[in-house]
>>> print(open('my_file-v8.cif').read())   # mmCIF, C-alpha atoms
data_final
#
loop_
_atom_site.group_PDB
_atom_site.id
_atom_site.type_symbol
_atom_site.label_atom_id
_atom_site.label_comp_id
_atom_site.auth_asym_id
_atom_site.auth_seq_id
_atom_site.Cartn_x
_atom_site.Cartn_y
_atom_site.Cartn_z
ATOM 1 C CA MET S 1 12.430 -33.120 9.924
ATOM 2 C CA ALA S 2 14.028 -36.394 10.950
ATOM 3 C CA ASN S 3 17.670 -36.406 11.920
ATOM 4 C CA VAL S 4 19.871 -39.353 10.989
ATOM 5 C CA SER S 5 23.463 -40.080 11.868
ATOM 6 C CA VAL S 6 26.139 -39.721 9.210
ATOM 7 C CA TYR S 7 28.932 -42.283 9.140
ATOM 8 C CA ASN S 8 32.219 -42.643 7.313
ATOM 9 C CA ILE S 9 33.297 -45.862 5.608
ATOM 10 C CA GLU S 10 35.141 -46.917 8.773
ATOM 11 C CA GLY S 11 31.791 -47.090 10.561
ATOM 12 C CA ASN S 12 32.400 -44.057 12.776
ATOM 13 C CA GLN S 13 29.664 -41.483 13.348
ATOM 14 C CA ILE S 14 30.881 -38.093 12.187
ATOM 15 C CA GLY S 15 27.725 -35.988 12.340
ATOM 16 C CA GLU S 16 24.029 -35.745 11.652
ATOM 17 C CA MET S 17 21.866 -34.894 8.662
ATOM 18 C CA GLU S 18 18.305 -33.605 8.386
ATOM 19 C CA LEU S 19 15.995 -35.490 6.039
ATOM 20 C CA SER S 20 13.143 -33.792 4.259
ATOM 21 C CA ASP S 21 9.716 -34.788 5.579
ATOM 22 C CA ALA S 22 8.363 -34.394 2.040
ATOM 23 C CA VAL S 23 10.385 -37.447 0.989
ATOM 24 C CA PHE S 24 11.498 -39.342 4.083
ATOM 25 C CA GLY S 25 8.686 -38.454 6.480
ATOM 26 C CA VAL S 26 5.452 -39.186 4.625
ATOM 27 C CA GLU S 27 2.723 -41.503 5.891
ATOM 28 C CA VAL S 28 3.398 -45.030 4.677
ATOM 29 C CA ASN S 29 0.750 -46.182 2.200
ATOM 30 C CA GLU S 30 0.851 -49.979 2.253
ATOM 31 C CA HIS S 31 -1.592 -50.308 -0.642
ATOM 32 C CA LEU S 32 0.653 -48.244 -2.926
ATOM 33 C CA LEU S 33 3.695 -50.242 -1.790
ATOM 34 C CA HIS S 34 1.890 -53.443 -2.703
ATOM 35 C CA MET S 35 0.876 -52.081 -6.105
ATOM 36 C CA ALA S 36 4.424 -50.897 -6.838
ATOM 37 C CA VAL S 37 5.902 -54.300 -5.964
ATOM 38 C CA VAL S 38 3.335 -56.161 -8.074
ATOM 39 C CA ASN S 39 3.991 -53.734 -10.944
ATOM 40 C CA HIS S 40 7.743 -54.302 -10.698
ATOM 41 C CA LEU S 41 7.446 -58.091 -10.652
ATOM 42 C CA ALA S 42 4.867 -58.133 -13.454
ATOM 43 C CA ALA S 43 7.146 -56.066 -15.680
ATOM 44 C CA LYS S 44 9.965 -58.586 -15.139
ATOM 45 C CA ARG S 45 7.890 -61.557 -16.323
ATOM 46 C CA GLN S 46 8.969 -62.789 -19.737
ATOM 47 C CA GLY S 47 5.519 -63.968 -20.791
ATOM 48 C CA THR S 48 7.001 -66.253 -23.459
ATOM 49 C CA GLN S 49 5.031 -69.402 -22.606
ATOM 50 C CA SER S 50 3.204 -70.879 -25.577
ATOM 51 C CA ALA S 51 1.304 -74.035 -26.509
ATOM 52 C CA LYS S 52 -0.653 -75.075 -29.594
ATOM 53 C CA THR S 53 -4.414 -75.265 -29.817
ATOM 54 C CA ARG S 54 -6.048 -78.069 -31.792
ATOM 55 C CA SER S 55 -6.216 -75.820 -34.849
ATOM 56 C CA GLU S 56 -2.432 -75.352 -34.768
ATOM 57 C CA VAL S 57 -1.307 -78.950 -34.208
ATOM 58 C CA SER S 58 -0.309 -80.668 -37.453
ATOM 59 C CA GLY S 59 -2.087 -83.808 -38.591
ATOM 60 C CA GLY S 60 -5.402 -85.192 -37.496
ATOM 61 C CA GLY S 61 -7.197 -84.459 -40.717
ATOM 62 C CA LYS S 62 -8.538 -87.962 -41.141
ATOM 63 C CA LYS S 63 -11.306 -89.369 -38.980
ATOM 64 C CA PRO S 64 -9.572 -92.203 -36.994
ATOM 65 C CA TRP S 65 -12.463 -94.658 -37.463
ATOM 66 C CA ARG S 66 -15.961 -94.660 -38.816
ATOM 67 C CA GLN S 67 -18.722 -93.008 -36.846
ATOM 68 C CA LYS S 68 -20.709 -96.113 -35.896
ATOM 69 C CA GLY S 69 -20.289 -99.812 -35.364
ATOM 70 C CA THR S 70 -16.798 -100.011 -33.865
ATOM 71 C CA GLY S 71 -17.677 -99.971 -30.197
ATOM 72 C CA HIS S 72 -15.421 -96.961 -29.720
ATOM 73 C CA ALA S 73 -16.621 -93.495 -28.822
ATOM 74 C CA ARG S 74 -17.023 -91.333 -31.906
ATOM 75 C CA GLN S 75 -13.906 -89.355 -32.788
ATOM 76 C CA GLY S 76 -13.376 -86.790 -35.497
ATOM 77 C CA SER S 77 -9.658 -86.137 -35.142
ATOM 78 C CA THR S 78 -6.587 -87.517 -33.397
ATOM 79 C CA ARG S 79 -5.566 -83.957 -32.549
ATOM 80 C CA ALA S 80 -8.504 -83.303 -30.192
ATOM 81 C CA PRO S 81 -7.448 -82.339 -26.644
ATOM 82 C CA GLN S 82 -8.164 -85.767 -25.146
ATOM 83 C CA TRP S 83 -5.674 -87.452 -27.493
ATOM 84 C CA THR S 84 -1.948 -87.770 -26.845
ATOM 85 C CA GLY S 85 -0.316 -85.249 -29.153
ATOM 86 C CA GLY S 86 -3.530 -83.300 -29.431
ATOM 87 C CA GLY S 87 -3.992 -79.573 -28.999
ATOM 88 C CA VAL S 88 -4.240 -77.820 -25.626
ATOM 89 C CA VAL S 89 -7.528 -76.411 -24.392
ATOM 90 C CA PHE S 90 -7.206 -72.649 -23.780
ATOM 91 C CA ALA S 91 -3.516 -72.866 -24.654
ATOM 92 C CA PRO S 92 -1.276 -70.173 -23.117
ATOM 93 C CA LYS S 93 0.138 -67.670 -25.587
ATOM 94 C CA PRO S 94 2.896 -65.040 -25.334
ATOM 95 C CA ARG S 95 1.622 -61.978 -23.506
ATOM 96 C CA ASP S 96 2.765 -58.845 -21.727
ATOM 97 C CA TYR S 97 2.029 -58.959 -17.991
ATOM 98 C CA SER S 98 3.061 -55.374 -17.272
ATOM 99 C CA PHE S 99 0.537 -52.729 -16.359
ATOM 100 C CA LYS S 100 0.732 -48.988 -15.925
ATOM 101 C CA LEU S 101 1.256 -47.293 -12.594
ATOM 102 C CA ASN S 102 0.855 -43.568 -13.042
ATOM 103 C CA LYS S 103 3.591 -41.104 -12.152
ATOM 104 C CA LYS S 104 1.979 -39.802 -8.957
ATOM 105 C CA GLU S 105 1.474 -43.338 -7.670
ATOM 106 C CA ARG S 106 5.077 -44.302 -8.446
ATOM 107 C CA ARG S 107 6.465 -41.241 -6.664
ATOM 108 C CA ALA S 108 4.180 -41.699 -3.653
ATOM 109 C CA ALA S 109 5.112 -45.382 -3.389
ATOM 110 C CA LEU S 110 8.835 -44.587 -3.481
ATOM 111 C CA LYS S 111 8.408 -41.945 -0.764
ATOM 112 C CA SER S 112 6.478 -44.457 1.341
ATOM 113 C CA ALA S 113 9.252 -47.021 0.955
ATOM 114 C CA LEU S 114 11.954 -44.503 1.916
ATOM 115 C CA SER S 115 9.893 -43.259 4.866
ATOM 116 C CA SER S 116 9.374 -46.814 6.110
ATOM 117 C CA LYS S 117 13.143 -47.329 6.260
ATOM 118 C CA VAL S 118 13.551 -44.121 8.271
ATOM 119 C CA ALA S 119 10.712 -45.099 10.615
ATOM 120 C CA GLU S 120 12.282 -48.527 11.181
ATOM 121 C CA ASN S 121 15.719 -46.963 11.701
ATOM 122 C CA LYS S 122 17.108 -49.029 8.847
ATOM 123 C CA ILE S 123 18.800 -46.271 6.863
ATOM 124 C CA ILE S 124 22.511 -45.475 7.048
ATOM 125 C CA VAL S 125 23.862 -42.262 5.543
ATOM 126 C CA LEU S 126 27.515 -42.188 4.483
ATOM 127 C CA ASP S 127 29.447 -38.969 4.075
ATOM 128 C CA ALA S 128 30.985 -40.458 0.899
ATOM 129 C CA PHE S 129 31.684 -43.847 -0.626
ATOM 130 C CA ASN S 130 34.679 -43.646 -2.925
ATOM 131 C CA MET S 131 36.848 -46.537 -4.041
ATOM 132 C CA GLU S 132 39.995 -45.993 -6.054
ATOM 133 C CA GLU S 133 40.058 -49.580 -7.298
ATOM 134 C CA VAL S 134 37.703 -52.492 -7.810
ATOM 135 C CA LYS S 135 38.114 -54.599 -4.683
ATOM 136 C CA THR S 136 35.360 -56.809 -3.285
ATOM 137 C CA LYS S 137 37.330 -57.358 -0.079
ATOM 138 C CA LYS S 138 37.437 -53.609 0.635
ATOM 139 C CA PHE S 139 33.731 -53.240 -0.102
ATOM 140 C CA LYS S 140 32.958 -56.127 2.270
ATOM 141 C CA ALA S 141 35.109 -54.438 4.931
ATOM 142 C CA VAL S 142 32.940 -51.304 4.660
ATOM 143 C CA MET S 143 29.757 -53.364 5.065
ATOM 144 C CA ASP S 144 31.255 -55.102 8.100
ATOM 145 C CA ALA S 145 32.263 -51.764 9.630
ATOM 146 C CA LEU S 146 28.688 -50.522 9.204
ATOM 147 C CA LYS S 147 27.395 -53.839 10.650
ATOM 148 C CA VAL S 148 25.073 -54.530 7.733
ATOM 149 C CA SER S 149 24.781 -57.611 5.561
ATOM 150 C CA LYS S 150 21.677 -57.552 3.366
ATOM 151 C CA ALA S 151 21.738 -54.004 2.031
ATOM 152 C CA LEU S 152 20.817 -51.787 -0.878
ATOM 153 C CA VAL S 153 23.654 -49.337 -1.485
ATOM 154 C CA VAL S 154 22.722 -46.152 -3.326
ATOM 155 C CA VAL S 155 25.649 -44.264 -4.831
ATOM 156 C CA ASP S 156 26.081 -42.005 -7.832
ATOM 157 C CA ASN S 157 28.944 -41.835 -10.309
ATOM 158 C CA ASN S 158 31.183 -44.467 -8.748
ATOM 159 C CA ASN S 159 31.605 -47.455 -11.011
ATOM 160 C CA ASN S 160 34.266 -49.010 -8.773
ATOM 161 C CA VAL S 161 31.740 -49.388 -5.950
ATOM 162 C CA VAL S 162 29.252 -51.052 -8.291
ATOM 163 C CA LEU S 163 31.835 -53.484 -9.654
ATOM 164 C CA SER S 164 33.201 -54.278 -6.186
ATOM 165 C CA ALA S 165 29.754 -55.256 -4.920
ATOM 166 C CA ARG S 166 28.836 -57.571 -7.799
ATOM 167 C CA ASN S 167 30.077 -60.764 -6.165
ATOM 168 C CA ILE S 168 28.347 -60.178 -2.825
ATOM 169 C CA PRO S 169 24.959 -61.929 -3.066
ATOM 170 C CA GLU S 170 23.331 -60.082 -0.156
ATOM 171 C CA VAL S 171 24.188 -56.612 -1.485
ATOM 172 C CA LYS S 172 22.847 -54.674 -4.436
ATOM 173 C CA THR S 173 23.929 -51.275 -5.703
ATOM 174 C CA ALA S 174 21.732 -48.672 -7.360
ATOM 175 C CA SER S 175 21.863 -45.044 -8.431
ATOM 176 C CA THR S 176 19.341 -42.355 -7.575
ATOM 177 C CA SER S 177 17.796 -42.805 -11.019
ATOM 178 C CA THR S 178 17.356 -46.586 -10.722
ATOM 179 C CA ILE S 179 16.132 -47.101 -7.150
ATOM 180 C CA ASN S 180 12.742 -48.724 -6.892
ATOM 181 C CA VAL S 181 10.248 -49.746 -4.232
ATOM 182 C CA TYR S 182 10.881 -53.484 -4.649
ATOM 183 C CA ASP S 183 14.622 -53.243 -3.906
ATOM 184 C CA ILE S 184 14.144 -50.831 -0.999
ATOM 185 C CA LEU S 185 11.713 -53.223 0.679
ATOM 186 C CA LYS S 186 13.618 -56.386 -0.250
ATOM 187 C CA TYR S 187 16.873 -55.436 1.458
ATOM 188 C CA ASP S 188 17.061 -55.013 5.229
ATOM 189 C CA THR S 189 19.138 -51.846 5.249
ATOM 190 C CA LEU S 190 19.322 -48.835 2.947
ATOM 191 C CA VAL S 191 22.856 -47.445 2.724
ATOM 192 C CA VAL S 192 22.952 -44.097 0.918
ATOM 193 C CA THR S 193 25.536 -41.360 0.506
ATOM 194 C CA GLN S 194 24.894 -37.736 1.440
ATOM 195 C CA ASP S 195 25.081 -36.688 -2.214
ATOM 196 C CA ALA S 196 22.527 -39.342 -3.158
ATOM 197 C CA VAL S 197 20.185 -38.177 -0.371
ATOM 198 C CA ALA S 198 20.447 -34.616 -1.670
ATOM 199 C CA THR S 199 19.640 -35.754 -5.216
ATOM 200 C CA ILE S 200 16.656 -37.838 -4.073
ATOM 201 C CA GLN S 201 15.274 -34.919 -2.085
ATOM 202 C CA GLU S 202 15.777 -32.553 -4.991
ATOM 203 C CA VAL S 203 13.954 -34.866 -7.422
ATOM 204 C CA TYR S 204 11.100 -36.116 -5.238
ATOM 205 C CA ALA S 205 10.426 -33.291 -2.771
#
>>> encode(input="my_file-v8.cif", output="C-alpha coordinates")
Amino acid sequence: MANVSVYNIEGNQIGEMELSDAVFGVEVNEHLLHMAVVNHLAAKRQGTQSAKTRSEVSGGGKKPWRQKGTGHARQGSTRAPQWTGGGVVFAPKPRDYSFKLNKKERRAALKSALSSKVAENKIIVLDAFNMEEVKTKKFKAVMDALKVSKALVVVDNNNNVVLSARNIPEVKTASTSTINVYDILKYDTLVVTQDAVATIQEVYA
(Lines of atoms letter the chains of each structure in order from A and count residues from 1; the text may use other names and numbers.)
(Lines give C-alpha, C1' and ligand atoms only; values in the text may rest on other atoms or scores of the structure.)
Protein backbone atom coordinates (compact mmCIF):
# COMPACT_ATOMS: atom_id res chain seq x y z
CA MET A 1 0.00 0.00 0.00
CA ALA A 2 1.16 3.51 -0.82
CA ASN A 3 1.57 5.98 2.00
CA VAL A 4 0.68 9.63 1.46
CA SER A 5 1.09 12.60 3.75
CA VAL A 6 -1.96 14.10 5.41
CA TYR A 7 -2.14 17.88 5.72
CA ASN A 8 -4.38 20.34 7.51
CA ILE A 9 -5.83 23.42 5.83
CA GLU A 10 -2.87 25.48 7.07
CA GLY A 11 -0.59 23.37 4.88
CA ASN A 12 1.12 21.57 7.75
CA GLN A 13 1.78 17.83 7.59
CA ILE A 14 0.05 16.13 10.49
CA GLY A 15 0.42 12.45 9.63
CA GLU A 16 0.27 9.77 6.99
CA MET A 17 -2.44 7.65 5.41
CA GLU A 18 -2.33 4.30 3.63
CA LEU A 19 -4.06 4.11 0.26
CA SER A 20 -5.58 0.91 -1.02
CA ASP A 21 -3.65 -0.65 -3.91
CA ALA A 22 -6.97 -1.89 -5.31
CA VAL A 23 -7.94 1.71 -6.07
CA PHE A 24 -4.84 3.90 -5.92
CA GLY A 25 -2.17 1.38 -6.91
CA VAL A 26 -3.42 -0.28 -10.09
CA GLU A 27 -1.48 -0.39 -13.36
CA VAL A 28 -2.35 2.66 -15.44
CA ASN A 29 -4.24 1.69 -18.60
CA GLU A 30 -3.74 4.57 -21.03
CA HIS A 31 -6.18 3.13 -23.57
CA LEU A 32 -9.01 3.09 -21.02
CA LEU A 33 -8.11 6.63 -19.93
CA HIS A 34 -8.34 7.77 -23.53
CA MET A 35 -11.69 6.04 -24.02
CA ALA A 36 -13.09 7.55 -20.80
CA VAL A 37 -12.04 11.07 -21.82
CA VAL A 38 -13.50 10.69 -25.32
CA ASN A 39 -16.71 9.30 -23.79
CA HIS A 40 -16.96 12.25 -21.40
CA LEU A 41 -16.41 14.85 -24.12
CA ALA A 42 -18.77 13.11 -26.55
CA ALA A 43 -21.55 13.10 -23.96
CA LYS A 44 -21.13 16.86 -23.49
CA ARG A 45 -21.62 17.65 -27.19
CA GLN A 46 -24.99 19.24 -27.88
CA GLY A 47 -25.36 17.78 -31.36
CA THR A 48 -27.92 20.43 -32.32
CA GLN A 49 -26.41 21.44 -35.67
CA SER A 50 -28.87 21.27 -38.54
CA ALA A 51 -29.12 22.31 -42.19
CA LYS A 52 -31.72 21.73 -44.89
CA THR A 53 -31.35 19.33 -47.78
CA ARG A 54 -32.71 20.28 -51.20
CA SER A 55 -35.95 18.47 -50.42
CA GLU A 56 -36.50 20.67 -47.35
CA VAL A 57 -35.68 24.09 -48.82
CA SER A 58 -38.81 26.00 -49.86
CA GLY A 59 -39.28 27.11 -53.44
CA GLY A 60 -37.54 25.91 -56.55
CA GLY A 61 -40.52 24.12 -57.98
CA LYS A 62 -40.31 25.80 -61.36
CA LYS A 63 -37.60 25.00 -63.88
CA PRO A 64 -35.57 28.29 -64.12
CA TRP A 65 -35.30 28.15 -67.93
CA ARG A 66 -36.10 25.78 -70.72
CA GLN A 67 -33.95 22.72 -71.24
CA LYS A 68 -32.34 23.69 -74.56
CA GLY A 69 -31.44 26.71 -76.60
CA THR A 70 -30.47 29.23 -73.92
CA GLY A 71 -26.74 28.65 -73.82
CA HIS A 72 -26.98 27.95 -70.10
CA ALA A 73 -26.33 24.59 -68.50
CA ARG A 74 -29.56 22.69 -67.95
CA GLN A 75 -31.14 23.31 -64.56
CA GLY A 76 -34.18 21.74 -62.99
CA SER A 77 -34.47 23.77 -59.80
CA THR A 78 -33.06 26.88 -58.16
CA ARG A 79 -32.81 24.95 -54.90
CA ALA A 80 -30.13 22.51 -56.14
CA PRO A 81 -26.93 22.55 -54.05
CA GLN A 82 -24.93 24.62 -56.55
CA TRP A 83 -27.41 27.52 -56.32
CA THR A 84 -27.29 30.27 -53.71
CA GLY A 85 -30.11 29.48 -51.30
CA GLY A 86 -30.14 25.87 -52.39
CA GLY A 87 -30.09 22.81 -50.17
CA VAL A 88 -26.96 21.39 -48.54
CA VAL A 89 -25.42 18.14 -49.74
CA PHE A 90 -25.33 15.59 -46.90
CA ALA A 91 -26.71 18.22 -44.54
CA PRO A 92 -25.87 17.76 -40.84
CA LYS A 93 -28.81 16.83 -38.63
CA PRO A 94 -29.29 16.75 -34.85
CA ARG A 95 -27.68 13.65 -33.39
CA ASP A 96 -26.49 12.13 -30.14
CA TYR A 97 -22.70 11.76 -30.03
CA SER A 98 -22.58 9.81 -26.77
CA PHE A 99 -21.63 6.17 -26.67
CA LYS A 100 -21.68 3.54 -23.96
CA LEU A 101 -18.70 2.68 -21.82
CA ASN A 102 -19.53 -0.35 -19.73
CA LYS A 103 -19.37 -0.31 -15.94
CA LYS A 104 -16.15 -2.32 -15.63
CA GLU A 105 -14.38 -0.04 -18.09
CA ARG A 106 -15.56 3.09 -16.27
CA ARG A 107 -14.40 1.79 -12.90
CA ALA A 108 -11.04 0.62 -14.27
CA ALA A 109 -10.48 3.98 -15.99
CA LEU A 110 -11.22 5.89 -12.78
CA LYS A 111 -8.81 3.69 -10.82
CA SER A 112 -6.15 4.27 -13.47
CA ALA A 113 -6.64 8.03 -13.24
CA LEU A 114 -6.41 8.00 -9.43
CA SER A 115 -3.35 5.72 -9.53
CA SER A 116 -1.62 8.02 -12.02
CA LYS A 117 -1.98 10.94 -9.61
CA VAL A 118 -0.46 8.87 -6.80
CA ALA A 119 2.39 7.70 -9.05
CA GLU A 120 3.12 11.30 -10.08
CA ASN A 121 2.93 12.47 -6.45
CA LYS A 122 0.17 14.90 -7.36
CA ILE A 123 -2.37 13.97 -4.70
CA ILE A 124 -2.84 15.89 -1.45
CA VAL A 125 -4.91 14.40 1.37
CA LEU A 126 -6.51 16.80 3.86
CA ASP A 127 -7.59 15.72 7.31
CA ALA A 128 -10.75 17.82 6.83
CA PHE A 129 -11.94 20.77 4.79
CA ASN A 130 -14.67 22.61 6.65
CA MET A 131 -15.74 26.20 6.09
CA GLU A 132 -18.26 27.89 8.34
CA GLU A 133 -19.05 30.57 5.77
CA VAL A 134 -18.85 31.13 2.04
CA LYS A 135 -15.59 33.00 1.54
CA THR A 136 -13.53 32.80 -1.65
CA LYS A 137 -10.62 34.57 0.03
CA LYS A 138 -10.39 31.88 2.73
CA PHE A 139 -10.60 29.10 0.15
CA LYS A 140 -7.81 30.74 -1.87
CA ALA A 141 -5.72 30.97 1.32
CA VAL A 142 -6.04 27.19 1.78
CA MET A 143 -4.92 26.57 -1.81
CA ASP A 144 -1.95 28.90 -1.30
CA ALA A 145 -1.01 27.13 1.94
CA LEU A 146 -1.04 23.80 0.09
CA LYS A 147 0.98 25.40 -2.76
CA VAL A 148 -1.45 24.31 -5.46
CA SER A 149 -3.17 26.37 -8.13
CA LYS A 150 -4.86 24.21 -10.76
CA ALA A 151 -6.61 21.61 -8.63
CA LEU A 152 -9.60 19.32 -8.38
CA VAL A 153 -10.92 19.41 -4.82
CA VAL A 154 -12.97 16.41 -3.74
CA VAL A 155 -15.11 16.97 -0.66
CA ASP A 156 -18.40 15.55 0.57
CA ASN A 157 -21.28 17.32 2.28
CA ASN A 158 -19.76 20.80 2.45
CA ASN A 159 -21.68 23.26 0.34
CA ASN A 160 -19.70 26.23 1.67
CA VAL A 161 -16.51 24.84 0.14
CA VAL A 162 -18.23 24.37 -3.22
CA LEU A 163 -19.66 27.89 -3.22
CA SER A 164 -16.36 29.44 -2.09
CA ALA A 165 -14.48 27.85 -4.99
CA ARG A 166 -16.89 28.91 -7.75
CA ASN A 167 -15.09 32.13 -8.65
CA ILE A 168 -11.62 30.57 -8.87
CA PRO A 169 -11.14 29.58 -12.53
CA GLU A 170 -8.26 27.15 -11.92
CA VAL A 171 -10.11 25.15 -9.26
CA LYS A 172 -13.04 22.78 -9.51
CA THR A 173 -14.86 20.98 -6.72
CA ALA A 174 -16.47 17.55 -6.91
CA SER A 175 -17.98 14.95 -4.61
CA THR A 176 -17.09 11.27 -4.49
CA SER A 177 -20.18 10.52 -6.57
CA THR A 178 -19.37 13.03 -9.34
CA ILE A 179 -15.61 12.62 -9.88
CA ASN A 180 -14.66 11.54 -13.36
CA VAL A 181 -11.55 10.65 -15.32
CA TYR A 182 -11.60 13.83 -17.42
CA ASP A 183 -11.46 16.18 -14.41
CA ILE A 184 -8.83 14.11 -12.60
CA LEU A 185 -6.53 14.26 -15.62
CA LYS A 186 -7.34 17.87 -16.52
CA TYR A 187 -6.27 19.39 -13.20
CA ASP A 188 -2.65 19.24 -12.06
CA THR A 189 -3.32 18.30 -8.46
CA LEU A 190 -5.98 16.17 -6.77
CA VAL A 191 -6.90 17.52 -3.34
CA VAL A 192 -9.09 15.09 -1.40
CA THR A 193 -10.21 14.81 2.21
CA GLN A 194 -9.64 11.71 4.33
CA ASP A 195 -13.38 11.01 4.45
CA ALA A 196 -13.60 11.25 0.66
CA VAL A 197 -10.65 8.84 0.28
CA ALA A 198 -12.40 6.37 2.58
CA THR A 199 -15.62 6.62 0.56
CA ILE A 200 -13.80 6.17 -2.77
CA GLN A 201 -11.99 3.10 -1.45
CA GLU A 202 -15.21 1.66 -0.08
CA VAL A 203 -17.04 2.11 -3.40
CA TYR A 204 -14.31 1.14 -5.87
CA ALA A 205 -12.13 -1.37 -4.01
>>> residues_around(input="my_file-v8.cif", residues="Val191 (chain S)", least_positions_apart="5", cutoff="9 Å", atoms="only C-alpha atoms", output="number ranges by chain")
S: 122-126, 148, 151-155
>>> resolve_selection(input="my_file-v8.cif", expression="the PyMOL selection byres ((chain S and resi 17-32) around 9)", output="short mmCIF file (atom, residue, chain, number, x, y, z; two decimals) with C-alpha atoms, in the frame of the given file")
data_model
loop_
_atom_site.label_atom_id
_atom_site.label_comp_id
_atom_site.auth_asym_id
_atom_site.auth_seq_id
_atom_site.Cartn_x
_atom_site.Cartn_y
_atom_site.Cartn_z
CA MET S 1 12.43 -33.12 9.92
CA ALA S 2 14.03 -36.39 10.95
CA ASN S 3 17.67 -36.41 11.92
CA VAL S 4 19.87 -39.35 10.99
CA SER S 5 23.46 -40.08 11.87
CA VAL S 6 26.14 -39.72 9.21
CA GLY S 15 27.72 -35.99 12.34
CA GLU S 16 24.03 -35.74 11.65
CA LEU S 33 3.70 -50.24 -1.79
CA HIS S 34 1.89 -53.44 -2.70
CA MET S 35 0.88 -52.08 -6.10
CA ALA S 36 4.42 -50.90 -6.84
CA VAL S 37 5.90 -54.30 -5.96
CA GLU S 105 1.47 -43.34 -7.67
CA ARG S 106 5.08 -44.30 -8.45
CA ALA S 108 4.18 -41.70 -3.65
CA ALA S 109 5.11 -45.38 -3.39
CA LEU S 110 8.84 -44.59 -3.48
CA LYS S 111 8.41 -41.94 -0.76
CA SER S 112 6.48 -44.46 1.34
CA ALA S 113 9.25 -47.02 0.96
CA LEU S 114 11.95 -44.50 1.92
CA SER S 115 9.89 -43.26 4.87
CA SER S 116 9.37 -46.81 6.11
CA LYS S 117 13.14 -47.33 6.26
CA VAL S 118 13.55 -44.12 8.27
CA ALA S 119 10.71 -45.10 10.62
CA VAL S 125 23.86 -42.26 5.54
CA GLN S 194 24.89 -37.74 1.44
CA VAL S 197 20.18 -38.18 -0.37
CA ALA S 198 20.45 -34.62 -1.67
CA ILE S 200 16.66 -37.84 -4.07
CA GLN S 201 15.27 -34.92 -2.08
CA TYR S 204 11.10 -36.12 -5.24
CA ALA S 205 10.43 -33.29 -2.77
#
>>> atom_distance(input="my_file-v8.cif", atom1="CA of Leu163 (chain S)", atom2="CA of Thr199 (chain S)")
22.0 Å
>>> resolve_selection(input="my_file-v8.cif", expression="the PyMOL selection byres ((chain S and resi 80) around 12)", output="PyMOL selection string")
chain S and resi 52-64+74-79+81-89
>>> atom_distance(input="my_file-v8.cif", atom1="CA of His40 (chain S)", atom2="CA of Arg107 (chain S)")
13.7 Å
>>> axis_aligned_box(input="my_file-v8.cif", around="region 42-52 of chain S", padding_each_side="6 Å", output="lines of an AutoDock Vina configuration file")
center_x = 4.7
center_y = -65.6
center_z = -21.5
size_x = 22.6
size_y = 31.0
size_z = 28.1
>>> residues_near_point(input="my_file-v8.cif", point="(9.4, -55.9, -18.0)", cutoff="12 Å", atoms="only C-alpha atoms", output="list in words")
Val38, Asn39, His40, Leu41, Ala42, Ala43, Lys44, Arg45, Gln46, Gly47, Thr48, Arg95, Asp96, Tyr97, Ser98, Phe99 and Lys100 of chain S
>>> write_last_selection(input="my_file-v8.cif", atoms="C-alpha atoms", output="short mmCIF file (atom, residue, chain, number, x, y, z; two decimals), in the frame of the given file")
data_model
loop_
_atom_site.label_atom_id
_atom_site.label_comp_id
_atom_site.auth_asym_id
_atom_site.auth_seq_id
_atom_site.Cartn_x
_atom_site.Cartn_y
_atom_site.Cartn_z
CA VAL S 38 3.34 -56.16 -8.07
CA ASN S 39 3.99 -53.73 -10.94
CA HIS S 40 7.74 -54.30 -10.70
CA LEU S 41 7.45 -58.09 -10.65
CA ALA S 42 4.87 -58.13 -13.45
CA ALA S 43 7.15 -56.07 -15.68
CA LYS S 44 9.96 -58.59 -15.14
CA ARG S 45 7.89 -61.56 -16.32
CA GLN S 46 8.97 -62.79 -19.74
CA GLY S 47 5.52 -63.97 -20.79
CA THR S 48 7.00 -66.25 -23.46
CA ARG S 95 1.62 -61.98 -23.51
CA ASP S 96 2.76 -58.84 -21.73
CA TYR S 97 2.03 -58.96 -17.99
CA SER S 98 3.06 -55.37 -17.27
CA PHE S 99 0.54 -52.73 -16.36
CA LYS S 100 0.73 -48.99 -15.92
#
>>> resolve_selection(input="my_file-v8.cif", expression="the PyMOL selection byres ((chain S and resi 129) around 9)", output="number ranges by chain")
S: 8-9, 126-128, 130-131, 155, 158, 161, 192-193
